[in-house]
Every structure is written in structure tokens, then in C-alpha cells.
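The data block below is my_file.cif; it holds mmCIF, C-alpha atoms and all ligand atoms.
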data_my_file
#
loop_
_atom_site.label_atom_id
_atom_site.label_comp_id
_atom_site.auth_asym_id
_atom_site.auth_seq_id
_atom_site.Cartn_x
_atom_site.Cartn_y
_atom_site.Cartn_z
CA MET T 1 8.56 -1.75 21.97
CA ARG T 2 8.09 1.91 21.01
CA VAL T 3 6.94 1.98 17.40
CA LEU T 4 6.79 4.92 15.01
CA ILE T 5 4.37 4.53 12.07
CA THR T 6 4.64 7.13 9.33
CA GLY T 7 1.35 7.39 7.46
CA GLY T 8 -0.35 5.71 10.41
CA ALA T 9 -3.70 7.42 9.80
CA GLY T 10 -3.91 5.84 6.36
CA PHE T 11 -5.73 2.70 5.39
CA ILE T 12 -2.90 0.20 6.03
CA GLY T 13 -1.16 2.26 8.72
CA SER T 14 -4.28 2.46 10.89
CA HIS T 15 -4.75 -1.33 10.79
CA LEU T 16 -1.07 -1.77 11.68
CA ALA T 17 -1.38 0.68 14.60
CA GLU T 18 -4.39 -1.21 15.91
CA LYS T 19 -2.61 -4.55 15.77
CA LEU T 20 0.60 -3.30 17.41
CA LEU T 21 -1.37 -1.68 20.24
CA ALA T 22 -3.19 -4.99 20.74
CA CYS T 23 0.23 -6.66 21.02
CA GLY T 24 1.14 -4.24 23.83
CA ASP T 25 3.43 -1.91 21.91
CA LYS T 26 3.56 1.85 22.33
CA VAL T 27 2.58 3.41 19.00
CA CYS T 28 3.26 6.89 17.71
CA VAL T 29 1.68 7.88 14.40
CA ILE T 30 2.85 10.73 12.21
CA ASP T 31 0.51 11.62 9.36
CA ASP T 32 -0.09 14.84 7.43
CA LEU T 33 -3.67 13.72 6.66
CA SER T 34 -3.07 14.26 2.94
CA THR T 35 -4.71 10.93 2.19
CA GLY T 36 -4.87 9.58 5.76
CA ARG T 37 -7.97 10.31 7.83
CA LEU T 38 -8.59 11.00 11.50
CA GLU T 39 -11.65 8.77 11.42
CA ASN T 40 -9.33 5.80 10.73
CA ILE T 41 -7.64 6.24 14.12
CA ASN T 42 -10.19 8.06 16.27
CA HIS T 43 -10.99 4.82 18.09
CA LEU T 44 -7.33 4.53 19.17
CA ARG T 45 -6.93 7.99 20.63
CA ASN T 46 -8.05 7.10 24.15
CA ASN T 47 -5.42 4.39 24.41
CA ASN T 48 -2.56 5.59 26.66
CA ASN T 49 -0.06 3.75 24.48
CA PHE T 50 -1.13 5.72 21.39
CA SER T 51 0.03 9.15 20.30
CA LEU T 52 -0.58 11.14 17.15
CA VAL T 53 1.40 13.90 15.49
CA ILE T 54 -0.25 15.66 12.57
CA GLU T 55 2.75 16.68 10.50
CA THR T 56 4.55 15.75 7.32
CA VAL T 57 7.54 13.40 7.48
CA LEU T 58 9.40 16.11 5.58
CA ASN T 59 9.53 18.16 8.81
CA GLU T 60 12.94 17.03 10.00
CA THR T 61 12.79 18.77 13.35
CA VAL T 62 9.67 16.89 14.37
CA MET T 63 10.86 13.66 12.78
CA ASP T 64 14.20 13.88 14.60
CA ARG T 65 12.42 13.87 17.95
CA LEU T 66 10.02 11.07 16.98
CA VAL T 67 12.76 8.83 15.62
CA SER T 68 14.94 9.43 18.68
CA GLU T 69 12.03 8.39 20.92
CA CYS T 70 11.16 5.12 19.12
CA ASP T 71 12.77 1.68 18.82
CA VAL T 72 11.58 0.77 15.30
CA ILE T 73 9.97 2.55 12.35
CA TYR T 74 7.32 1.34 9.91
CA HIS T 75 7.52 3.79 7.02
CA LEU T 76 4.19 3.83 5.21
CA ALA T 77 3.78 7.53 4.43
CA ALA T 78 3.62 7.86 0.65
CA ALA T 79 1.52 9.01 -2.26
CA VAL T 80 -1.02 6.29 -3.04
CA GLY T 81 -3.38 5.42 -5.86
CA VAL T 82 -2.63 5.42 -9.58
CA GLU T 83 -5.25 8.10 -10.22
CA LEU T 84 -3.71 10.45 -7.63
CA ILE T 85 -0.25 9.76 -8.99
CA VAL T 86 -1.24 10.60 -12.55
CA LYS T 87 -2.97 13.80 -11.38
CA SER T 88 -0.24 14.98 -8.98
CA PRO T 89 3.14 13.71 -10.15
CA VAL T 90 5.15 16.46 -8.39
CA ALA T 91 3.69 15.65 -4.99
CA THR T 92 4.15 11.93 -5.65
CA ILE T 93 7.82 12.19 -6.51
CA GLU T 94 8.60 14.62 -3.69
CA ARG T 95 6.67 12.81 -1.01
CA ASN T 96 8.02 9.38 -1.87
CA ILE T 97 11.66 10.19 -2.42
CA LEU T 98 12.23 13.05 0.05
CA GLY T 99 10.09 11.41 2.74
CA THR T 100 12.05 8.17 2.64
CA ASP T 101 15.31 10.12 2.56
CA VAL T 102 14.38 11.86 5.83
CA VAL T 103 13.26 8.59 7.46
CA LEU T 104 16.42 6.70 6.52
CA ARG T 105 18.79 9.54 7.42
CA LEU T 106 17.26 9.89 10.88
CA ALA T 107 17.00 6.12 11.38
CA ASN T 108 20.70 5.99 10.65
CA ARG T 109 21.39 8.82 13.11
CA TYR T 110 19.68 6.93 15.96
CA LEU T 111 20.29 3.37 14.66
CA ARG T 112 16.63 2.46 14.41
CA LYS T 113 15.41 -0.51 12.37
CA VAL T 114 13.13 0.51 9.48
CA LEU T 115 10.58 -1.35 7.40
CA ILE T 116 10.07 0.37 4.06
CA THR T 117 6.75 -0.15 2.28
CA SER T 118 7.21 -0.54 -1.44
CA THR T 119 4.92 -1.65 -4.23
CA SER T 120 4.28 -4.14 -7.01
CA GLU T 121 4.43 -1.11 -9.34
CA ILE T 122 8.17 -1.73 -9.08
CA TYR T 123 7.79 -4.49 -11.72
CA GLY T 124 6.10 -2.07 -14.13
CA LYS T 125 4.63 -3.75 -17.19
CA SER T 126 6.89 -6.79 -17.01
CA GLU T 127 5.21 -9.91 -18.35
CA ALA T 128 7.42 -12.32 -16.40
CA VAL T 129 4.65 -13.46 -14.04
CA PRO T 130 4.63 -14.44 -11.28
CA PHE T 131 7.01 -11.63 -10.29
CA LYS T 132 10.07 -12.66 -8.30
CA GLU T 133 11.83 -10.09 -6.15
CA ASP T 134 15.02 -10.18 -8.23
CA ALA T 135 13.25 -10.00 -11.62
CA ASP T 136 13.99 -7.28 -14.16
CA ARG T 137 11.76 -4.22 -14.18
CA VAL T 138 10.01 -3.06 -17.38
CA LEU T 139 8.90 0.56 -17.44
CA GLY T 140 7.41 3.00 -19.91
CA PRO T 141 8.83 6.43 -20.79
CA THR T 142 9.13 9.40 -18.43
CA THR T 143 6.41 11.20 -20.41
CA LYS T 144 3.87 8.85 -18.84
CA SER T 145 3.38 9.98 -15.23
CA ARG T 146 2.30 6.58 -13.99
CA TRP T 147 5.88 5.32 -14.13
CA SER T 148 7.08 8.06 -11.77
CA TYR T 149 5.51 6.09 -8.93
CA SER T 150 7.48 2.96 -9.79
CA CYS T 151 10.68 4.99 -10.11
CA SER T 152 10.16 6.94 -6.89
CA LYS T 153 9.59 3.72 -4.97
CA ALA T 154 12.59 2.12 -6.66
CA ILE T 155 14.77 5.00 -5.41
CA ASP T 156 13.37 4.36 -1.92
CA GLU T 157 14.37 0.72 -2.23
CA PHE T 158 17.84 1.56 -3.56
CA LEU T 159 18.37 3.99 -0.70
CA ALA T 160 17.20 1.51 1.95
CA LEU T 161 19.46 -1.21 0.55
CA ALA T 162 22.35 1.24 0.29
CA TYR T 163 21.99 2.25 3.94
CA TYR T 164 22.08 -1.42 4.85
CA LYS T 165 25.10 -2.25 2.69
CA GLU T 166 27.16 0.85 3.35
CA ARG T 167 26.16 1.85 6.88
CA ASN T 168 24.83 -1.41 8.38
CA LEU T 169 21.46 0.20 9.05
CA GLU T 170 18.81 -2.49 9.58
CA THR T 171 16.29 -2.06 6.76
CA VAL T 172 13.62 -4.42 5.40
CA ILE T 173 11.52 -3.84 2.28
CA MET T 174 8.08 -5.23 1.49
CA ARG T 175 6.41 -4.86 -1.89
CA LEU T 176 2.64 -4.79 -1.58
CA PHE T 177 0.24 -6.14 -4.23
CA ASN T 178 -3.20 -4.46 -4.35
CA THR T 179 -3.93 -4.34 -0.62
CA VAL T 180 -7.64 -3.98 0.16
CA GLY T 181 -10.05 -4.00 3.10
CA PRO T 182 -12.22 -1.77 5.27
CA ARG T 183 -11.16 1.93 5.50
CA GLN T 184 -9.69 1.97 2.01
CA THR T 185 -11.25 4.81 0.05
CA GLY T 186 -12.04 4.78 -3.66
CA ARG T 187 -11.10 8.46 -3.93
CA TYR T 188 -7.62 7.82 -5.28
CA GLY T 189 -8.63 5.21 -7.83
CA MET T 190 -8.64 1.88 -6.00
CA VAL T 191 -10.96 -0.46 -7.77
CA ILE T 192 -12.63 -2.52 -5.02
CA PRO T 193 -13.96 0.34 -2.85
CA ARG T 194 -15.10 2.04 -6.05
CA PHE T 195 -16.97 -0.91 -7.47
CA VAL T 196 -18.56 -1.76 -4.12
CA GLN T 197 -19.82 1.78 -3.64
CA GLN T 198 -21.04 2.00 -7.23
CA ALA T 199 -22.89 -1.30 -6.81
CA LEU T 200 -24.46 -0.28 -3.50
CA LYS T 201 -25.68 2.99 -5.02
CA GLY T 202 -27.03 1.26 -8.13
CA LYS T 203 -24.60 3.22 -10.31
CA PRO T 204 -22.73 1.70 -13.28
CA LEU T 205 -19.46 -0.08 -12.42
CA THR T 206 -16.68 1.68 -14.33
CA VAL T 207 -14.36 -0.93 -15.83
CA TYR T 208 -11.32 0.66 -17.44
CA GLY T 209 -9.95 -0.70 -20.71
CA ASP T 210 -11.33 -4.08 -21.82
CA GLY T 211 -11.50 -5.40 -18.25
CA ASN T 212 -9.20 -8.33 -19.00
CA GLN T 213 -6.42 -6.96 -16.80
CA TYR T 214 -5.75 -9.38 -13.94
CA ARG T 215 -5.04 -8.43 -10.33
CA CYS T 216 -4.47 -10.35 -7.09
CA PHE T 217 -6.05 -8.65 -4.07
CA THR T 218 -4.53 -8.96 -0.60
CA TYR T 219 -6.45 -8.49 2.62
CA VAL T 220 -5.02 -5.76 4.84
CA ASP T 221 -4.69 -8.03 7.91
CA ASP T 222 -2.43 -10.38 5.93
CA VAL T 223 -0.21 -7.41 5.08
CA VAL T 224 -0.14 -6.19 8.69
CA MET T 225 0.85 -9.63 10.01
CA ALA T 226 3.57 -9.91 7.36
CA ALA T 227 4.96 -6.47 8.25
CA ILE T 228 5.15 -7.34 11.95
CA LYS T 229 6.81 -10.69 11.26
CA LEU T 230 9.31 -9.20 8.83
CA MET T 231 10.24 -6.58 11.42
CA ALA T 232 10.86 -9.35 13.97
CA THR T 233 12.93 -11.58 11.64
CA PRO T 234 16.69 -10.97 11.68
CA GLN T 235 17.24 -12.76 8.34
CA ALA T 236 14.84 -10.30 6.64
CA VAL T 237 17.26 -7.41 7.15
CA GLY T 238 18.66 -6.10 3.87
CA GLN T 239 16.06 -8.09 1.91
CA VAL T 240 13.07 -7.36 -0.33
CA TYR T 241 9.83 -9.38 -0.06
CA ASN T 242 6.67 -9.61 -2.14
CA ILE T 243 3.62 -9.58 0.12
CA GLY T 244 0.38 -10.31 -1.65
CA ASN T 245 -2.01 -12.96 -2.80
CA ASP T 246 -1.19 -15.21 -5.74
CA VAL T 247 -4.78 -15.94 -6.72
CA GLY T 248 -6.36 -13.23 -8.85
CA ILE T 249 -9.25 -12.22 -11.05
CA THR T 250 -9.84 -10.08 -14.14
CA ILE T 251 -11.37 -6.69 -13.47
CA LYS T 252 -14.49 -7.43 -15.52
CA ASP T 253 -15.07 -10.66 -13.54
CA LEU T 254 -14.50 -8.68 -10.35
CA ALA T 255 -17.21 -6.22 -11.39
CA ALA T 256 -19.64 -9.06 -12.15
CA LYS T 257 -18.86 -10.74 -8.82
CA ILE T 258 -19.46 -7.52 -6.86
CA ILE T 259 -22.79 -6.95 -8.65
CA ALA T 260 -23.84 -10.51 -7.77
CA MET T 261 -22.68 -10.31 -4.16
CA THR T 262 -24.46 -7.00 -3.48
CA GLY T 263 -27.58 -8.05 -5.40
CA SER T 264 -27.26 -4.75 -7.26
CA ALA T 265 -29.13 -3.78 -10.42
CA SER T 266 -26.01 -1.90 -11.65
CA GLN T 267 -24.65 -2.41 -15.16
CA ILE T 268 -20.99 -2.49 -16.19
CA VAL T 269 -19.67 0.35 -18.38
CA TYR T 270 -16.35 0.18 -20.19
CA ILE T 271 -14.26 3.37 -20.11
CA PRO T 272 -11.11 3.75 -22.23
CA TYR T 273 -7.90 4.19 -20.22
CA ASP T 274 -7.21 7.55 -21.95
CA GLU T 275 -10.44 8.89 -20.52
CA ALA T 276 -10.05 7.32 -17.09
CA TYR T 277 -6.47 8.48 -16.48
CA GLU T 278 -4.57 10.41 -19.17
CA GLU T 279 -3.82 10.11 -22.86
CA GLY T 280 -1.51 7.20 -23.64
CA PHE T 281 -1.96 5.64 -20.17
CA GLU T 282 -0.32 2.23 -19.91
CA ASP T 283 -1.62 -0.50 -17.61
CA MET T 284 -0.13 -3.89 -16.82
CA ARG T 285 -2.15 -6.91 -17.98
CA ILE T 286 -1.23 -9.40 -15.28
CA ARG T 287 0.11 -8.60 -11.87
CA LYS T 288 0.83 -11.61 -9.71
CA PRO T 289 3.47 -12.16 -7.00
CA ASP T 290 5.77 -15.09 -6.41
CA LEU T 291 5.44 -15.54 -2.65
CA SER T 292 8.05 -18.23 -2.05
CA LYS T 293 10.64 -15.87 -0.58
CA ALA T 294 8.20 -14.51 2.03
CA TYR T 295 6.99 -18.03 2.77
CA ASN T 296 10.55 -19.22 3.40
CA ALA T 297 11.39 -16.25 5.62
CA ILE T 298 8.24 -15.86 7.73
CA GLY T 299 5.89 -18.67 6.64
CA TYR T 300 3.79 -16.07 4.83
CA LYS T 301 0.58 -17.27 3.16
CA PRO T 302 -2.43 -15.06 2.45
CA ARG T 303 -5.23 -16.23 4.69
CA VAL T 304 -8.22 -14.19 3.56
CA GLN T 305 -9.42 -14.88 0.01
CA LEU T 306 -11.34 -12.71 -2.42
CA ASP T 307 -14.94 -13.67 -1.59
CA GLU T 308 -14.37 -13.01 2.09
CA ILE T 309 -12.48 -9.79 1.35
CA LEU T 310 -15.36 -8.53 -0.79
CA GLN T 311 -17.94 -9.46 1.84
CA ARG T 312 -16.02 -7.52 4.50
CA VAL T 313 -15.69 -4.47 2.25
CA ILE T 314 -19.38 -4.64 1.29
CA ASP T 315 -20.39 -4.85 4.97
CA TYR T 316 -18.10 -1.93 5.76
CA PHE T 317 -19.64 0.35 3.15
CA LYS T 318 -23.18 -0.76 3.98
CA GLU T 319 -22.60 0.29 7.57
CA LYS T 320 -20.72 3.44 6.67
CA LYS T 321 -23.17 4.68 4.03
CA HIS T 322 -20.68 7.24 2.63
CA ASP T 323 -17.07 7.40 1.48
N1 LIG E 401 -9.91 0.10 -12.41
C1 LIG E 401 -11.13 0.06 -13.08
N2 LIG E 401 -12.13 0.89 -12.66
C2 LIG E 401 -11.98 1.77 -11.60
C3 LIG E 401 -10.74 1.79 -10.94
C4 LIG E 401 -9.72 0.95 -11.37
O1 LIG E 401 -11.33 -0.73 -14.04
O2 LIG E 401 -12.94 2.49 -11.28
C5 LIG E 401 -8.84 -0.82 -12.88
C6 LIG E 401 -7.48 -0.16 -13.04
O3 LIG E 401 -7.35 0.44 -14.31
C7 LIG E 401 -6.55 -1.35 -12.84
C8 LIG E 401 -7.29 -2.22 -11.83
O4 LIG E 401 -8.66 -1.81 -11.89
O5 LIG E 401 -6.34 -2.06 -14.03
C9 LIG E 401 -6.78 -2.06 -10.41
O6 LIG E 401 -6.78 -0.68 -10.11
P1 LIG E 401 -6.30 -0.09 -8.73
O7 LIG E 401 -6.25 1.42 -8.88
O8 LIG E 401 -7.13 -0.63 -7.64
O9 LIG E 401 -4.82 -0.67 -8.54
P2 LIG E 401 -3.58 -0.79 -9.58
O10 LIG E 401 -3.55 -2.24 -9.96
O11 LIG E 401 -3.84 0.12 -10.75
O12 LIG E 401 -2.41 -0.39 -8.75
#
Could you render the structure from this file as C-alpha cells?
Amino acid sequence: MRVLITGGAGFIGSHLAEKLLACGDKVCVIDDLSTGRLENINHLRNNNNFSLVIETVLNETVMDRLVSECDVIYHLAAAVGVELIVKSPVATIERNILGTDVVLRLANRYLRKVLITSTSEIYGKSEAVPFKEDADRVLGPTTKSRWSYSCSKAIDEFLALAYYKERNLETVIMRLFNTVGPRQTGRYGMVIPRFVQQALKGKPLTVYGDGNQYRCFTYVDDVVMAAIKLMATPQAVGQVYNIGNDVGITIKDLAAKIIAMTGSASQIVYIPYDEAYEEGFEDMRIRKPDLSKAYNAIGYKPRVQLDEILQRVIDYFKEKKHD
């Protein structure tokens, strides 16, 4: 199989590239290195089945060639991280909507199957937990930039489903819930790499809000396996799947756990959301997936649980010594 991974130098994309190469596939990565990093994929560059193009997916000339030369596409290139999204809403909206538009248009030109990576942000601040794929979405106003991410990804989903319904293009959508693991950076806001680095440096762990918000963290390898299985499952075409973990923790308990696991002398500081992000920032209290649809389709069950995830991330940063 010749596989094209957009955003393949990113945290999830690089793990996916590694796994597909190990399965014997030929992998081409396109990444503009906006949030992706060469160090994530440097170890793959000697592999004859691996190729890298440093370019944006918005470059249609380059993308036309890459799509024509592949069999399937994993589309992961996107703006990531709530902090980045709040700071750069223009880039978020453009990258997510226009990027997916290019990918789907070209996939349709060459009849290539596409897996679209979406997000649990789709559910917004809905309180109907656990979230089912066909549940209603609850979003705040357009004056709050955070919601632009949810809306941009929703347009991506609409477009992918429309290509399937109207043009018979094979598309599959997965909604990811707080994916974590080695190579994820804390630079764009993600809580686990941040807390682990703060704890290892003996700095205060910055809990936003009252810390009672609840998240379920998913190990990156579970996501990668799910993506590969969804791509290989004919009944997944034209469908949307939650991929995550359904066991979670509050952010203040997470901070305490990381302090204990690292043996750190760090304290916890509470920072109001307005200060951490922007004035009037809205967060969701509980985010938790219903995984029954993914289980029925591909037997999906998260295999790596929080303590093990944290240990792997702690070991990664201990070895790495910098972000
Ligand atoms: N968070 C925090 N301190 C940080 C970074 C994040 O308390 O330094 C909180 C954030 O406000 C959210 C949760 O941790 O409630 C998870 O944040 P992340 O950015 O990892 O993912 P999100 O769930 O916001 O997509």
C-alpha cells in the first residue's frame, strides 16, 4: 500500500508513519512543519519506503502529485491545541477548512480513500456525556475563538460525508479525545506534557479554572491502531467514530498524580481561565466518549491506561531533557 499522511511530522502522524512502515507500507509524509517537527521523523528518513515533502497541503500542485501517487490518505494536517487556536484563529480556520477541501477534492479526482481526523471539540460544551457520535452539538458564540475549532472541524466532517453521499468517495471520520504520548509538546497548550515538564523542573503545575474539569486521555498507539483498522474496514466508510478512552480524571487530580509519580516538590497553582486563554473563555466540564460504535466496527478498546501513559511521558521527558 502507498500511503500519504498529511501532517505526518506531527505528534500523532509520526507515530502512524512509524507503524505503517513497520507493516510494510510505503509512506509519504507532507508537513509544513508549522507544529510538526523534523525530530519526530528523523529516525524514519533512512527507510527506503519513507519519503518526506516539506510543504503545506494548501499547495494544490504538490498535493495533486502526491495524491495521484498514493493508494490511501490519512489526513491529519490541522491546527492543534486550544491555546494555539485561541491565539491564531485565522490560521486555524484557514488551515482546517481549506486544507481538508484540497485533500477531499484531490482524493475525489483520483478516487483515493481518505481518513479524516476530527475531534471531540465537535461536541462543544454539551453535557450529554458520554458523547455518542450522533448527539447534538452545543457551542458558544462566534465571539469566543475557541468554538472556531469545533466549527472548522465540523465543516471538514460535513464535507467528507457530502463527498461520500454525493460522489461515492470513500471517506471515514474519527473523532479523537485528548490523545497523548511521547513527542507531544506542551507548547500549544496540551496539559499532560506541560504538567510533566513543570513537575520535572520543580516549577508550579498550572491548573486552569478550579481543576474540576474532567478529561479522558488516550494513548497515541491506541489511536494509531484504530486509524489503521478503520481504514481497512469497508463498513466504516461514510461513518464517524469516537476514538478515545472512557476512563478519565479531573485536572487537579491529574496534577497531584503527576507530582506523586515524578516525586517532584512542585506545588499546584490555580490560574483563572481568562488569564490562561482569553477573556470569557469557556471550557467543557466533562468530556467522555461513548466507544460502543468503534467497538462494534473494529473491536476498539483503549489498551493503555492513564498510569502507564503518564509513566511513558515522564520517561520520555526525562530522557529528552527539553521540549
Ligand atoms: N489545562 C490546565 N493547565 C495547563 C493546560 C491545560 O489546567 O497548563 C487544562 C485545560 O484548560 C483543559 C484541560 O487541562 O481543561 C485539558 O487541556 P488540553 O489543552 O490538554 O486539551 P483540551 O481538553 O482543552 O482539548
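Here atom CA of T:Asp221 stands at a distance of 20.8 Å from atom CA of T:Ala79.
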Counting all atoms listed in the file, name the residues that have an atom within 7 Å of an atom of ligand LIG 401 (chain E); the answer should be given as an NGL selection string.
:T and (81-83 or 121 or 178 or 189-192 or 194-195 or 206-209 or 211 or 213 or 215 or 251 or 283)
Record the distance separating atom CA of T:Thr56 and atom CA of T:Leu20, expressed in Å with one decimal.
21.9 Å
List the neighbours of T:Gly244 out to 7 Å using all atoms listed in the file; skip same-chain residues closer than 3 positions along the sequence, and give me the result as a list in words.
Leu176, Phe177, Thr218, Pro289 and Pro302 of chain T
Determine, counting all atoms listed in the file, every residue of protein, DNA or RNA that lies within 10 Å of (-19.6, -5.9, -11.5) in the file coordinates, then give the result as a PDB file with C-alpha atoms, in the frame of the given file.
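Wrote out_0.pdb, looks like this:
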ATOM      1  CA  PHE T 195     -16.970  -0.910  -7.470  1.00  0.00           C
ATOM      2  CA  VAL T 196     -18.560  -1.760  -4.120  1.00  0.00           C
ATOM      3  CA  GLN T 198     -21.040   2.000  -7.230  1.00  0.00           C
ATOM      4  CA  ALA T 199     -22.890  -1.300  -6.810  1.00  0.00           C
ATOM      5  CA  PRO T 204     -22.730   1.700 -13.280  1.00  0.00           C
ATOM      6  CA  LEU T 205     -19.460  -0.080 -12.420  1.00  0.00           C
ATOM      7  CA  THR T 206     -16.680   1.680 -14.330  1.00  0.00           C
ATOM      8  CA  VAL T 207     -14.360  -0.930 -15.830  1.00  0.00           C
ATOM      9  CA  ILE T 251     -11.370  -6.690 -13.470  1.00  0.00           C
ATOM     10  CA  LYS T 252     -14.490  -7.430 -15.520  1.00  0.00           C
ATOM     11  CA  ASP T 253     -15.070 -10.660 -13.540  1.00  0.00           C
ATOM     12  CA  LEU T 254     -14.500  -8.680 -10.350  1.00  0.00           C
ATOM     13  CA  ALA T 255     -17.210  -6.220 -11.390  1.00  0.00           C
ATOM     14  CA  ALA T 256     -19.640  -9.060 -12.150  1.00  0.00           C
ATOM     15  CA  LYS T 257     -18.860 -10.740  -8.820  1.00  0.00           C
ATOM     16  CA  ILE T 258     -19.460  -7.520  -6.860  1.00  0.00           C
ATOM     17  CA  ILE T 259     -22.790  -6.950  -8.650  1.00  0.00           C
ATOM     18  CA  ALA T 260     -23.840 -10.510  -7.770  1.00  0.00           C
ATOM     19  CA  MET T 261     -22.680 -10.310  -4.160  1.00  0.00           C
ATOM     20  CA  THR T 262     -24.460  -7.000  -3.480  1.00  0.00           C
ATOM     21  CA  SER T 264     -27.260  -4.750  -7.260  1.00  0.00           C
ATOM     22  CA  ALA T 265     -29.130  -3.780 -10.420  1.00  0.00           C
ATOM     23  CA  SER T 266     -26.010  -1.900 -11.650  1.00  0.00           C
ATOM     24  CA  GLN T 267     -24.650  -2.410 -15.160  1.00  0.00           C
ATOM     25  CA  ILE T 268     -20.990  -2.490 -16.190  1.00  0.00           C
ATOM     26  CA  VAL T 269     -19.670   0.350 -18.380  1.00  0.00           C
TER      27      VAL T 269
END
Please report as JSON lines every residue of stretch 245-291 of chain T lying within 12 Å of stretch 133-143 of chain T, along with the nearest atom pair and their distance in Å (one decimal), using all atoms listed in the file.
{"residue": "T:Glu278", "atom": "CA", "partner": "T:Thr143", "partner_atom": "CA", "distance": 11.1}
{"residue": "T:Glu279", "atom": "CA", "partner": "T:Thr143", "partner_atom": "CA", "distance": 10.6}
{"residue": "T:Gly280", "atom": "CA", "partner": "T:Thr143", "partner_atom": "CA", "distance": 9.4}
{"residue": "T:Phe281", "atom": "CA", "partner": "T:Gly140", "partner_atom": "CA", "distance": 9.7}
{"residue": "T:Glu282", "atom": "CA", "partner": "T:Gly140", "partner_atom": "CA", "distance": 7.8}
{"residue": "T:Asp283", "atom": "CA", "partner": "T:Gly140", "partner_atom": "CA", "distance": 10.0}
{"residue": "T:Met284", "atom": "CA", "partner": "T:Leu139", "partner_atom": "CA", "distance": 10.1}
{"residue": "T:Lys288", "atom": "CA", "partner": "T:Glu133", "partner_atom": "CA", "distance": 11.7}
{"residue": "T:Pro289", "atom": "CA", "partner": "T:Glu133", "partner_atom": "CA", "distance": 8.7}
{"residue": "T:Asp290", "atom": "CA", "partner": "T:Glu133", "partner_atom": "CA", "distance": 7.9}
{"residue": "T:Leu291", "atom": "CA", "partner": "T:Glu133", "partner_atom": "CA", "distance": 9.1}
So that I have them on file, write out the residues from the current selection with C-alpha atoms, as a short mmCIF file (atom, residue, chain, number, x, y, z; two decimals), keeping the file's coordinate frame.
data_model
loop_
_atom_site.label_atom_id
_atom_site.label_comp_id
_atom_site.auth_asym_id
_atom_site.auth_seq_id
_atom_site.Cartn_x
_atom_site.Cartn_y
_atom_site.Cartn_z
CA GLU T 278 -4.57 10.41 -19.17
CA GLU T 279 -3.82 10.11 -22.86
CA GLY T 280 -1.51 7.20 -23.64
CA PHE T 281 -1.96 5.64 -20.17
CA GLU T 282 -0.32 2.23 -19.91
CA ASP T 283 -1.62 -0.50 -17.61
CA MET T 284 -0.13 -3.89 -16.82
CA LYS T 288 0.83 -11.61 -9.71
CA PRO T 289 3.47 -12.16 -7.00
CA ASP T 290 5.77 -15.09 -6.41
CA LEU T 291 5.44 -15.54 -2.65
#
Option closest in space to T:Tyr295, from T:Tyr277, T:Asp64, T:Asn245, T:Gln311 [counting all atoms listed in the file]
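For T:Tyr295, the nearest of the candidates is T:Asn245.
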Check the smallest atom-to-atom distance from each of T:Tyr316, T:Phe158, T:Tyr300, T:Tyr164 to T:Ala226 using only C-alpha atoms, then report the winner.
T:Tyr300
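What separates atom CA of T:Ile286 from atom CA of T:Tyr214 is a distance of 4.7 Å.
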